[in-house]
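Undergrad: My structure file data05.csv, CSV, C-alpha atoms, is below:
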```
chain,number,residue,atom,x,y,z
A,1,GLY,CA,120.4,102.8,101.8
A,2,GLN,CA,117.8,100.9,99.8
A,3,GLN,CA,117.2,102.0,96.2
A,4,LEU,CA,114.3,101.1,94.0
A,5,ASN,CA,115.4,101.5,90.4
A,6,GLN,CA,112.7,102.0,87.8
A,7,SER,CA,113.1,101.6,84.1
A,8,PRO,CA,112.6,103.2,81.7
A,9,GLN,CA,113.1,106.6,83.2
A,10,SER,CA,110.7,108.1,80.7
A,11,MET,CA,108.5,106.9,77.8
A,12,PHE,CA,106.8,108.7,74.9
A,13,ILE,CA,104.2,106.6,73.3
A,14,GLN,CA,101.3,106.9,70.9
A,15,GLU,CA,97.7,106.7,72.2
A,16,GLY,CA,96.5,103.1,72.1
A,17,GLU,CA,99.9,101.5,72.6
A,18,ASP,CA,100.7,99.2,75.5
A,19,VAL,CA,103.2,100.2,78.1
A,20,SER,CA,105.6,98.2,80.3
A,21,MET,CA,107.7,99.4,83.1
A,22,ASN,CA,109.6,97.7,85.9
A,23,CYS,CA,111.1,98.2,89.3
A,24,THR,CA,114.0,96.4,90.9
A,25,SER,CA,115.5,96.4,94.4
A,26,SER,CA,118.7,95.2,96.0
A,27,SER,CA,116.8,93.4,98.7
A,28,ILE,CA,113.6,91.4,99.2
A,29,PHE,CA,110.3,93.2,99.5
A,30,ASN,CA,107.1,91.6,101.0
A,31,THR,CA,104.8,94.2,99.5
A,32,TRP,CA,104.9,96.1,96.2
A,33,LEU,CA,102.8,99.1,95.6
A,34,TRP,CA,102.4,101.1,92.4
A,35,TYR,CA,101.4,104.7,92.5
A,36,LYS,CA,100.7,107.4,89.9
A,37,GLN,CA,101.5,111.0,90.5
A,38,ASP,CA,100.0,113.9,88.4
A,39,PRO,CA,101.6,117.3,88.5
A,40,GLY,CA,100.7,119.3,91.6
A,41,GLU,CA,99.2,116.2,93.3
A,42,GLY,CA,100.2,113.6,95.7
A,43,PRO,CA,100.7,110.0,94.6
A,44,VAL,CA,97.6,107.8,94.1
A,45,LEU,CA,97.6,104.1,94.7
A,46,LEU,CA,97.0,102.0,91.5
A,47,ILE,CA,97.7,98.4,92.6
A,48,ALA,CA,99.0,96.6,95.7
A,49,LEU,CA,100.8,93.3,95.6
A,50,TYR,CA,101.3,91.1,98.6
A,51,LYS,CA,102.6,87.7,97.4
A,52,ALA,CA,105.5,86.6,95.3
A,53,GLY,CA,104.2,85.7,91.8
A,54,GLU,CA,101.0,87.5,92.3
A,55,LEU,CA,99.4,89.1,89.2
A,56,THR,CA,96.8,91.7,89.8
A,57,SER,CA,94.7,93.9,87.5
A,58,ASN,CA,92.9,97.2,87.9
A,59,GLY,CA,91.1,98.0,84.7
A,60,ARG,CA,93.7,98.4,82.0
A,61,LEU,CA,96.6,98.1,84.5
A,62,THR,CA,98.2,94.9,85.4
A,63,ALA,CA,101.0,94.4,87.9
A,64,GLN,CA,103.1,91.5,88.9
A,65,PHE,CA,105.1,90.7,92.1
A,66,GLY,CA,108.3,89.1,90.9
A,67,ILE,CA,109.2,85.6,92.0
A,68,THR,CA,112.5,86.7,93.4
A,69,ARG,CA,110.6,89.3,95.5
A,70,LYS,CA,113.2,91.8,94.3
A,71,ASP,CA,111.2,93.2,91.3
A,72,SER,CA,107.8,94.1,90.1
A,73,PHE,CA,106.3,95.0,86.8
A,74,LEU,CA,103.5,97.3,85.7
A,75,ASN,CA,101.7,97.1,82.3
A,76,ILE,CA,99.2,99.5,80.9
A,77,SER,CA,97.2,98.4,77.9
A,78,ALA,CA,95.7,100.6,75.2
A,79,SER,CA,97.1,103.8,76.7
A,80,ILE,CA,95.0,107.0,76.7
A,81,PRO,CA,95.9,110.7,77.3
A,82,SER,CA,94.9,110.6,81.0
A,83,ASP,CA,97.6,107.9,81.6
A,84,VAL,CA,100.1,110.8,81.4
A,85,GLY,CA,102.0,111.1,84.7
A,86,ILE,CA,104.8,109.7,86.8
A,87,TYR,CA,104.6,106.1,87.9
A,88,PHE,CA,106.3,105.0,91.1
A,89,CYS,CA,106.8,101.6,92.6
A,90,ALA,CA,107.0,101.6,96.4
A,91,GLY,CA,107.1,99.3,99.4
A,92,PRO,CA,108.0,99.0,103.0
A,93,GLU,CA,111.3,97.6,104.2
A,94,ASN,CA,111.0,94.1,105.8
A,95,THR,CA,111.5,95.6,109.3
A,96,GLY,CA,108.4,97.7,108.6
A,97,ASN,CA,110.3,100.8,109.8
A,98,GLN,CA,111.1,102.4,106.5
A,99,PHE,CA,109.2,103.0,103.3
A,100,TYR,CA,110.8,103.4,99.8
A,101,PHE,CA,109.6,104.9,96.6
A,102,GLY,CA,111.3,104.2,93.3
A,103,THR,CA,113.0,106.6,91.0
A,104,GLY,CA,109.9,107.0,88.8
A,105,THR,CA,108.9,106.4,85.2
A,106,SER,CA,107.5,109.5,83.4
A,107,LEU,CA,104.9,108.6,80.8
A,108,THR,CA,103.8,110.8,78.0
A,109,VAL,CA,101.0,109.7,75.7
A,110,ILE,CA,100.8,111.4,72.3
A,111,PRO,CA,97.2,111.7,71.0
B,1,GLU,CA,90.0,113.5,96.6
B,2,THR,CA,91.6,111.4,99.3
B,3,GLY,CA,90.3,113.4,102.3
B,4,VAL,CA,93.9,114.2,103.3
B,5,THR,CA,94.4,117.9,103.5
B,6,GLN,CA,97.7,119.8,103.9
B,7,SER,CA,98.4,123.4,104.8
B,8,PRO,CA,99.7,125.7,103.6
B,9,THR,CA,100.0,124.8,99.9
B,10,HIS,CA,103.0,127.0,99.4
B,11,LEU,CA,105.6,128.5,101.7
B,12,ILE,CA,108.7,130.5,101.3
B,13,LYS,CA,111.3,130.7,104.1
B,14,THR,CA,114.9,131.7,104.4
B,15,ARG,CA,117.9,129.6,105.5
B,16,GLY,CA,118.1,129.1,109.2
B,17,GLN,CA,114.4,129.7,109.9
B,18,GLN,CA,111.9,127.1,111.3
B,19,VAL,CA,108.8,125.9,109.6
B,20,THR,CA,105.7,123.9,110.6
B,21,LEU,CA,103.6,122.1,108.1
B,22,ARG,CA,100.1,120.7,108.9
B,23,CYS,CA,98.1,117.6,107.8
B,24,SER,CA,94.6,116.4,108.5
B,25,SER,CA,94.2,112.7,108.0
B,26,GLN,CA,91.3,111.0,106.3
B,27,SER,CA,88.4,110.2,108.6
B,28,GLY,CA,88.9,106.9,110.4
B,29,HIS,CA,92.6,106.9,109.8
B,30,ASN,CA,94.9,106.9,112.9
B,31,THR,CA,98.3,106.8,111.2
B,32,VAL,CA,100.1,109.6,109.4
B,33,SER,CA,103.4,109.5,107.4
B,34,TRP,CA,105.4,112.3,106.0
B,35,TYR,CA,107.5,112.4,102.9
B,36,GLN,CA,109.9,114.8,101.2
B,37,GLN,CA,109.9,114.9,97.5
B,38,ALA,CA,112.7,116.9,95.7
B,39,LEU,CA,112.1,118.0,92.2
B,40,GLY,CA,112.3,115.2,89.7
B,41,GLN,CA,112.7,112.5,92.4
B,42,GLY,CA,110.5,110.0,94.2
B,43,PRO,CA,109.2,110.8,97.7
B,44,GLN,CA,111.6,110.0,100.6
B,45,PHE,CA,110.1,108.7,103.8
B,46,ILE,CA,110.7,111.0,106.8
B,47,PHE,CA,108.7,109.3,109.6
B,48,GLN,CA,105.3,107.8,110.6
B,49,TYR,CA,103.2,108.6,113.6
B,50,TYR,CA,100.7,106.1,115.1
B,51,ARG,CA,98.5,107.2,118.0
B,52,GLU,CA,100.8,110.1,118.8
B,53,GLU,CA,104.0,108.2,118.8
B,54,GLU,CA,106.7,107.9,116.2
B,55,ASN,CA,106.5,104.5,114.5
B,56,GLY,CA,109.4,104.3,112.0
B,57,ARG,CA,111.8,106.9,110.7
B,58,GLY,CA,113.8,107.4,107.5
B,59,ASN,CA,117.3,108.9,107.1
B,60,PHE,CA,116.5,112.4,108.1
B,61,PRO,CA,118.4,114.4,110.8
B,62,PRO,CA,116.8,115.3,114.2
B,63,ARG,CA,115.9,118.8,113.0
B,64,PHE,CA,113.0,117.1,111.2
B,65,SER,CA,110.5,116.4,114.0
B,66,GLY,CA,106.8,115.6,114.1
B,67,LEU,CA,103.7,115.6,116.3
B,68,GLN,CA,100.4,113.8,116.1
B,69,PHE,CA,97.4,115.0,118.0
B,70,PRO,CA,94.6,113.1,119.6
B,71,ASN,CA,92.4,113.8,116.6
B,72,TYR,CA,95.1,112.1,114.5
B,73,SER,CA,96.1,115.3,112.6
B,74,SER,CA,99.8,115.9,112.4
B,75,GLU,CA,102.6,118.5,112.1
B,76,LEU,CA,106.0,118.3,110.5
B,77,ASN,CA,108.5,120.7,112.0
B,78,VAL,CA,111.8,121.5,110.4
B,79,ASN,CA,114.4,123.6,112.3
B,80,ALA,CA,117.4,125.4,110.9
B,81,LEU,CA,116.2,125.3,107.4
B,82,GLU,CA,118.8,124.6,104.7
B,83,LEU,CA,118.6,125.3,100.9
B,84,ASP,CA,118.3,121.6,100.3
B,85,ASP,CA,115.1,121.4,102.3
B,86,SER,CA,113.3,123.0,99.4
B,87,ALA,CA,110.9,120.3,98.2
B,88,LEU,CA,107.3,119.1,98.1
B,89,TYR,CA,106.3,117.7,101.5
B,90,LEU,CA,103.7,115.1,101.4
B,91,CYS,CA,101.5,113.7,104.1
B,92,ALA,CA,99.8,110.4,103.9
B,93,SER,CA,97.2,108.7,106.2
B,94,SER,CA,96.4,105.1,106.6
B,95,VAL,CA,93.9,103.1,108.6
B,96,ASP,CA,96.5,101.5,110.9
B,97,ARG,CA,100.2,101.5,111.6
B,98,GLY,CA,102.5,99.4,109.5
B,99,LEU,CA,104.0,100.8,106.4
B,100,GLY,CA,102.5,98.1,104.2
B,101,ASN,CA,99.0,99.5,104.7
B,102,ILE,CA,97.5,101.6,101.9
B,103,GLN,CA,98.5,105.2,102.3
B,104,TYR,CA,96.3,108.0,101.0
B,105,PHE,CA,98.3,111.2,100.1
B,106,GLY,CA,97.5,114.8,100.3
B,107,ALA,CA,98.4,117.3,97.6
B,108,GLY,CA,101.5,118.4,99.5
B,109,THR,CA,103.1,121.6,100.7
B,110,ARG,CA,105.6,123.2,98.4
B,111,LEU,CA,108.5,124.7,100.5
B,112,SER,CA,111.0,127.0,99.1
B,113,VAL,CA,114.1,127.9,101.1
B,114,LEU,CA,116.0,131.0,100.0
```
As structure tokens, how would this structure be written, given the file I've shared?
TA:
Amino acid sequence: GQQLNQSPQSMFIQEGEDVSMNCTSSSIFNTWLWYKQDPGEGPVLLIALYKAGELTSNGRLTAQFGITRKDSFLNISASIPSDVGIYFCAGPENTGNQFYFGTGTSLTVIP
Amino acid sequence: ETGVTQSPTHLIKTRGQQVTLRCSSQSGHNTVSWYQQALGQGPQFIFQYYREEENGRGNFPPRFSGLQFPNYSSELNVNALELDDSALYLCASSVDRGLGNIQYFGAGTRLSVL
């Protein structure tokens, strides 16, 4: 089946540093979503992308919908301790009958 | 707070038993999706319900079944539990059917199968 691969798998960074992570798929997506999950909680939507090439920001977060429609990128600027968590890319299959989450990127911010 | 509530929060069952998990969707949402999240992995889509009918299904066997009620709340039923069914089960609601719509997740039910 479809697999959304995220890299890196984990990151350990100093507070104040910028973070970049990406997500790739084997097939085309028409929608890319980025979620953050804290321990013991469900995922929370951060950014939604609906068009190839789209660049969208939400505060310190910026995400891009790759031109090939097979990848997406998430950047976090000036990281803070509350950015700690697991970040997932996600999206619906083109048929609209399936929904996929990526393998996740675990972020640790060192104060 | 997403307004999506799940019960129970934790559950322990033994292999072969049956389990029912419950979800109340956010006010105004008519669509509910269910996901299974094994430890250390991303959520896996089980199925979606829109207006009481299944509207999309992932690669899960028939012993995973669901219901949606007229008030849009939902149940996930799993029969003949297996050890590998141990996971966090997440429910998400959205304003309309279509898996591209924004989904709001509950905190999940942690199921342990012994």
Undergrad: Could you tell me which residues of chain B sit within 9 Å of chain A when counting only C-alpha atoms, and give me the result as an mmCIF file with C-alpha atoms, in the coordinates of the input?
TA:
```cif
data_model
loop_
_atom_site.group_PDB
_atom_site.id
_atom_site.type_symbol
_atom_site.label_atom_id
_atom_site.label_comp_id
_atom_site.auth_asym_id
_atom_site.auth_seq_id
_atom_site.Cartn_x
_atom_site.Cartn_y
_atom_site.Cartn_z
ATOM 1 C CA THR B 2 91.600 111.400 99.300
ATOM 2 C CA GLY B 40 112.300 115.200 89.700
ATOM 3 C CA GLN B 41 112.700 112.500 92.400
ATOM 4 C CA GLY B 42 110.500 110.000 94.200
ATOM 5 C CA PRO B 43 109.200 110.800 97.700
ATOM 6 C CA GLN B 44 111.600 110.000 100.600
ATOM 7 C CA PHE B 45 110.100 108.700 103.800
ATOM 8 C CA ILE B 46 110.700 111.000 106.800
ATOM 9 C CA PHE B 47 108.700 109.300 109.600
ATOM 10 C CA GLN B 48 105.300 107.800 110.600
ATOM 11 C CA ASN B 55 106.500 104.500 114.500
ATOM 12 C CA GLY B 56 109.400 104.300 112.000
ATOM 13 C CA ARG B 57 111.800 106.900 110.700
ATOM 14 C CA GLY B 58 113.800 107.400 107.500
ATOM 15 C CA ASN B 59 117.300 108.900 107.100
ATOM 16 C CA LEU B 90 103.700 115.100 101.400
ATOM 17 C CA CYS B 91 101.500 113.700 104.100
ATOM 18 C CA ALA B 92 99.800 110.400 103.900
ATOM 19 C CA GLY B 98 102.500 99.400 109.500
ATOM 20 C CA LEU B 99 104.000 100.800 106.400
ATOM 21 C CA GLY B 100 102.500 98.100 104.200
ATOM 22 C CA ILE B 102 97.500 101.600 101.900
ATOM 23 C CA GLN B 103 98.500 105.200 102.300
ATOM 24 C CA TYR B 104 96.300 108.000 101.000
ATOM 25 C CA PHE B 105 98.300 111.200 100.100
ATOM 26 C CA GLY B 106 97.500 114.800 100.300
ATOM 27 C CA ALA B 107 98.400 117.300 97.600
ATOM 28 C CA GLY B 108 101.500 118.400 99.500
#
```
Undergrad: Fewer than 6 positions away in the same chain doesn't count, so skip those; otherwise give me all residues within 9 Å of Asn79 (chain B), counting only C-alpha atoms, as a list in words.
TA: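 Contacts, with the query itself left out: Gly16, Gln17, Gln18, Val19, Thr20, Pro62, Arg63, Phe64 and Ser65 of chain B.
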Undergrad: Which residues are close to Ala52 (chain A), i.e. within 8 Å by all atoms listed in the file, leaving aside same-chain residues fewer than 5 positions away? Reply as an MDAnalysis selection string.
TA: chainID A and resid 30 65:69
Undergrad: To one decimal place, how far is CA of Glu54 (chain B) from CA of Gln68 (chain B) in Å?
TA: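 Distance reported for this atom pair: 8.6 Å.
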Undergrad: Near Val4 (chain B), within 6 Å and counting all atoms listed in the file, which residues show up once chain neighbours fewer than 4 positions away are dropped, as a list in words?
TA: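 Skipping anything fewer than 4 positions along the chain leaves Ser24, Ser25, Gln26 and Gly106 of chain B.
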Undergrad: Grab the CA of Gln6 (chain A) to CA of Phe60 (chain B) distance for me, in Å with one decimal place.
TA: 23.1 Å
Undergrad: Taking all atoms listed in the file into account, which of A:Met11, A:Val109, A:Ser26, A:Trp34 comes nearest Phe73 (chain A)?
TA: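 For Phe73 (chain A), the nearest of the given residues is A:Trp34.
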Undergrad: Find the distance between CA of Lys13 (chain B) and CA of Glu52 (chain B) and write it in Å to one decimal.
TA: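 Distance between the two atoms: 27.4 Å.
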Undergrad: Excluding Ser73 (chain B) and any residue of its chain fewer than 6 positions from it, enumerate the residues within 12 Å of it, using only C-alpha atoms, and give them as a PyMOL selection string.
TA: chain B and resi 3-7+21-34+49-52+66-67+91-94
Undergrad: What would the file look like if the residues just selected were written as a tab-separated table (two decimals), in the frame of the given file with C-alpha atoms?
TA:
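Saved to part-v3.tsv:
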```
chain	number	residue	atom	x	y	z
B	3	GLY	CA	90.30	113.40	102.30
B	4	VAL	CA	93.90	114.20	103.30
B	5	THR	CA	94.40	117.90	103.50
B	6	GLN	CA	97.70	119.80	103.90
B	7	SER	CA	98.40	123.40	104.80
B	21	LEU	CA	103.60	122.10	108.10
B	22	ARG	CA	100.10	120.70	108.90
B	23	CYS	CA	98.10	117.60	107.80
B	24	SER	CA	94.60	116.40	108.50
B	25	SER	CA	94.20	112.70	108.00
B	26	GLN	CA	91.30	111.00	106.30
B	27	SER	CA	88.40	110.20	108.60
B	28	GLY	CA	88.90	106.90	110.40
B	29	HIS	CA	92.60	106.90	109.80
B	30	ASN	CA	94.90	106.90	112.90
B	31	THR	CA	98.30	106.80	111.20
B	32	VAL	CA	100.10	109.60	109.40
B	33	SER	CA	103.40	109.50	107.40
B	34	TRP	CA	105.40	112.30	106.00
B	49	TYR	CA	103.20	108.60	113.60
B	50	TYR	CA	100.70	106.10	115.10
B	51	ARG	CA	98.50	107.20	118.00
B	52	GLU	CA	100.80	110.10	118.80
B	66	GLY	CA	106.80	115.60	114.10
B	67	LEU	CA	103.70	115.60	116.30
B	91	CYS	CA	101.50	113.70	104.10
B	92	ALA	CA	99.80	110.40	103.90
B	93	SER	CA	97.20	108.70	106.20
B	94	SER	CA	96.40	105.10	106.60
```
Undergrad: Within 12 Å of (114.7, 119.3, 90.1) in the file's own coordinates, which protein, DNA or RNA residues have an atom, counting all atoms listed in the file? List them as JSON, numbers by chain.
TA: {"B": [37, 38, 39, 40, 41, 42, 84, 86, 87, 88]}
Undergrad: Pick out the closest residue to Leu74 (chain A) from this set: A:Gly59, A:Gln14, A:Gly53, A:Asn22. Count all atoms listed in the file.
TA: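 Closest to Leu74 (chain A), using all atoms listed in the file: A:Asn22.
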Undergrad: Please list as a ChimeraX atom specification every residue within 6 Å of Asp18 (chain A), counting only C-alpha atoms and excluding residues in the same chain fewer than 5 positions away.
TA: /A:76-79
Undergrad: Just C-alpha atoms for this one: save the residues we selected as a PDB file, in the frame of the given file.
TA:
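Okay, out.pdb is ready:
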```pdb
ATOM      1  CA  ILE A  76      99.200  99.500  80.900  1.00  0.00           C
ATOM      2  CA  SER A  77      97.200  98.400  77.900  1.00  0.00           C
ATOM      3  CA  ALA A  78      95.700 100.600  75.200  1.00  0.00           C
ATOM      4  CA  SER A  79      97.100 103.800  76.700  1.00  0.00           C
TER       5      SER A  79
END
```
